[in-house]
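Source file input13.cif; content: mmCIF, C-alpha atoms.
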```cif
data_data
#
loop_
_atom_site.label_atom_id
_atom_site.label_comp_id
_atom_site.auth_asym_id
_atom_site.auth_seq_id
_atom_site.Cartn_x
_atom_site.Cartn_y
_atom_site.Cartn_z
CA MET A 395 -98.91 -5.95 -39.12
CA THR A 396 -97.03 -2.96 -37.70
CA GLN A 397 -94.38 -3.44 -35.01
CA LEU A 398 -96.66 -1.83 -32.45
CA LYS A 399 -99.49 -4.20 -33.33
CA LYS A 400 -97.10 -7.17 -33.24
CA GLN A 401 -95.96 -6.22 -29.74
CA GLU A 402 -99.55 -5.86 -28.56
CA PHE A 403 -100.46 -9.19 -30.18
CA LYS A 404 -97.50 -10.85 -28.45
CA ARG A 405 -98.35 -9.27 -25.10
CA THR A 406 -101.98 -10.33 -25.22
CA ASN A 407 -101.19 -13.91 -26.21
CA TYR A 408 -98.22 -14.20 -23.87
CA GLU A 409 -100.30 -13.08 -20.91
CA GLU A 410 -103.09 -15.48 -21.83
CA ALA A 411 -100.68 -18.42 -22.20
CA LEU A 412 -99.18 -17.57 -18.80
CA ARG A 413 -102.68 -17.45 -17.34
CA TYR A 414 -103.20 -21.01 -18.56
CA MET A 415 -99.89 -22.05 -16.99
CA ASN A 416 -100.75 -20.38 -13.68
CA ASN A 417 -104.11 -22.15 -13.64
CA ALA A 418 -102.36 -25.43 -14.41
CA LYS A 419 -99.89 -24.92 -11.55
CA GLU A 420 -102.72 -24.19 -9.11
CA THR A 421 -104.56 -27.31 -10.24
CA LEU A 422 -101.41 -29.40 -9.91
CA LYS A 423 -101.05 -28.29 -6.28
CA LYS A 424 -104.44 -29.88 -5.60
CA ALA A 425 -103.05 -33.24 -6.75
CA GLY A 426 -100.86 -33.39 -3.64
CA LYS A 427 -97.71 -35.44 -3.41
CA GLY A 428 -97.21 -38.80 -1.78
CA GLY A 429 -93.55 -38.35 -0.98
CA GLU A 430 -91.31 -36.24 -3.18
CA ARG A 431 -91.76 -38.04 -6.48
CA TYR A 432 -95.38 -38.96 -7.14
CA TYR A 433 -98.61 -37.03 -7.19
CA LYS A 434 -101.57 -38.58 -5.39
CA ASP A 435 -104.61 -37.53 -7.41
CA LYS A 436 -104.66 -38.45 -11.10
CA LYS A 437 -107.70 -36.28 -11.85
CA TYR A 438 -105.89 -33.06 -10.94
CA VAL A 439 -102.72 -34.11 -12.75
CA LYS A 440 -104.69 -34.79 -15.92
CA THR A 441 -106.53 -31.47 -15.69
CA ALA A 442 -103.33 -29.51 -15.01
CA CYS A 443 -101.47 -31.13 -17.90
CA GLY A 444 -104.33 -30.50 -20.31
CA THR A 445 -104.50 -26.85 -19.29
CA ALA A 446 -100.73 -26.37 -19.62
CA TYR A 447 -100.71 -28.05 -23.04
CA ASN A 448 -103.49 -25.74 -24.22
CA GLY A 449 -101.43 -22.76 -23.05
CA VAL A 450 -98.58 -23.97 -25.24
CA LEU A 451 -100.89 -24.35 -28.24
CA LEU A 452 -102.16 -20.81 -27.72
CA ALA A 453 -98.57 -19.51 -27.73
CA LEU A 454 -97.71 -21.59 -30.80
CA ASP A 455 -100.74 -20.24 -32.65
CA ALA A 456 -99.55 -16.71 -31.91
CA TRP A 457 -95.95 -17.50 -32.96
CA LEU A 458 -97.10 -19.14 -36.20
CA THR A 459 -99.42 -16.20 -36.92
CA LEU A 460 -96.46 -13.84 -36.59
CA LYS A 461 -94.58 -16.07 -39.05
CA ASP A 462 -97.50 -15.81 -41.53
CA VAL A 463 -98.20 -19.55 -41.45
CA GLN A 464 -101.50 -20.49 -43.04
CA PHE A 465 -103.87 -22.30 -40.68
CA PRO A 466 -106.29 -25.02 -41.83
CA LYS A 467 -109.32 -23.56 -43.57
CA GLY A 468 -112.98 -24.06 -42.74
CA ASN A 469 -113.96 -26.58 -40.08
CA HIS A 470 -110.61 -28.35 -40.16
CA ARG A 471 -108.93 -28.54 -36.79
CA LYS A 472 -105.27 -28.03 -36.21
CA THR A 473 -103.62 -31.32 -35.36
CA ILE A 474 -100.28 -32.14 -33.82
CA LYS A 475 -99.16 -32.96 -37.36
CA PHE A 476 -99.97 -29.40 -38.43
CA TYR A 477 -97.80 -27.99 -35.64
CA GLN A 478 -95.00 -30.47 -36.30
CA GLU A 479 -94.94 -29.81 -40.05
CA SER A 480 -95.06 -26.03 -39.56
CA LEU A 481 -92.25 -26.03 -36.98
CA SER A 482 -90.12 -28.46 -39.00
CA LYS A 483 -89.91 -25.76 -41.69
CA LEU A 484 -89.24 -22.87 -39.31
CA ASP A 485 -87.47 -23.95 -36.11
CA ARG A 486 -86.20 -27.47 -35.37
CA ARG A 487 -85.51 -26.71 -31.71
CA MET A 488 -89.09 -25.59 -31.19
CA LEU A 489 -90.20 -28.78 -32.92
CA ASN A 490 -88.17 -30.86 -30.46
CA ASP A 491 -89.59 -28.87 -27.55
CA LEU A 492 -93.12 -29.34 -28.86
CA ASP A 493 -92.56 -33.08 -29.16
CA GLY A 494 -91.41 -33.17 -25.54
CA VAL A 495 -94.39 -31.16 -24.32
CA TYR A 496 -96.76 -33.24 -26.43
CA HIS A 497 -95.50 -36.48 -24.90
CA ALA A 498 -95.01 -35.30 -21.30
CA LEU A 499 -98.11 -33.14 -20.88
CA HIS A 500 -100.61 -34.27 -23.48
CA LEU A 501 -100.03 -38.00 -23.80
CA ASP A 502 -98.42 -39.00 -20.48
CA GLY A 503 -100.01 -36.36 -18.28
CA TYR A 504 -103.43 -35.69 -19.76
CA TYR A 505 -104.33 -38.99 -21.39
CA ASP A 506 -102.46 -41.46 -19.20
CA GLY A 507 -102.51 -39.50 -15.95
CA ILE A 508 -98.90 -40.32 -15.13
CA LEU A 509 -98.13 -39.41 -11.52
CA ASP A 510 -94.33 -39.06 -11.75
CA SER A 511 -93.63 -35.44 -10.83
CA ARG A 512 -90.28 -35.43 -12.67
CA ILE A 513 -91.94 -35.99 -16.04
CA ILE A 514 -94.60 -33.37 -15.34
CA LYS A 515 -91.92 -30.88 -14.25
CA ILE A 516 -89.97 -31.37 -17.48
CA GLY A 517 -93.18 -30.85 -19.44
CA PHE A 518 -93.98 -27.64 -17.56
CA ASP A 519 -90.42 -26.31 -17.89
CA THR A 520 -90.41 -26.93 -21.63
CA ALA A 521 -93.89 -25.40 -21.93
CA TYR A 522 -92.56 -22.19 -20.40
CA GLU A 523 -89.65 -22.20 -22.87
CA LEU A 524 -92.08 -22.42 -25.78
CA ILE A 525 -94.34 -19.73 -24.36
CA ASP A 526 -91.33 -17.44 -23.93
CA LYS A 527 -90.93 -17.46 -27.72
CA ILE A 528 -93.76 -14.91 -27.88
CA LYS A 529 -92.62 -12.86 -24.89
CA PRO A 530 -92.93 -9.20 -25.84
CA ASN A 531 -89.82 -7.00 -25.86
#
```
Would you mind writing the structure in this file as structure tokens?
Amino acid sequence: MTQLKKQEFKRTNYEEALRYMNNAKETLKKAGKGGERYYKDKKYVKTACGTAYNGVLLALDAWLTLKDVQFPKGNHRKTIKFYQESLSKLDRRMLNDLDGVYHALHLDGYYDGILDSRIIKIGFDTAYELIDKIKPN
């Protein structure tokens, strides 16, 4: 892939990942807060966290593509293990960030519907750090 095509690939995927994050932030606003610490509506928290996590996966797919990582063939889905194994070989810090996002947004936020805004904020902040890895020059 030429440098020009790489930059265009990064730009397209970066913008799409940010679109996911913007949608997630808008959805999270609908959850409302009961005080400063807890959200009120679990449904919106779960939806926002799932959307943000998917934005991270989109960015990771782009980053791994640029690193020439081979994706599962055929009908095999990419699992968290795939991402963890791939990042463990390429970038340990990104692996740690992914683990944090996976737990805060995917498990705690999406599956469990945790309402603690501090945990969700950490997940979102780390998601943005991962997405910035594909930010075009």
> Excluding same-chain residues fewer than 4 positions from region 435-442 of chain A, what lies within 12 Å of it counting all atoms listed in the file, as a PyMOL selection string?
Replying inline: chain A and resi 414-428+446-449+498-511+513-515+517-518
> Applied to the shown file, which residues does the PyMOL selection byres ((chain A and resi 460-470) around 10) return, written as number ranges by chain?
Replying inline: A: 395, 400, 403-404, 454-459, 471-473, 476-477, 480-481, 484, 528
> Can you tell me how far CA of Lys475 (chain A) sits from CA of Lys529 (chain A), in Å to one decimal?
Replying inline: 24.5 Å
> Between A:Glu430, A:Glu479, A:Val450, A:Glu409, which has the minimum distance to Tyr496 (chain A) (counting all atoms listed in the file)?
Replying inline: A:Val450
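The coordinates place CA of Tyr522 (chain A) at 14.1 Å from CA of Arg487 (chain A).
Note that CA of Glu523 (chain A) and CA of Arg405 (chain A) are 15.7 Å apart.
Using all atoms listed in the file, the smallest distance between any of A:Leu412, A:Tyr433, A:Lys399, A:Leu492 and Arg512 (chain A) comes from A:Tyr433.
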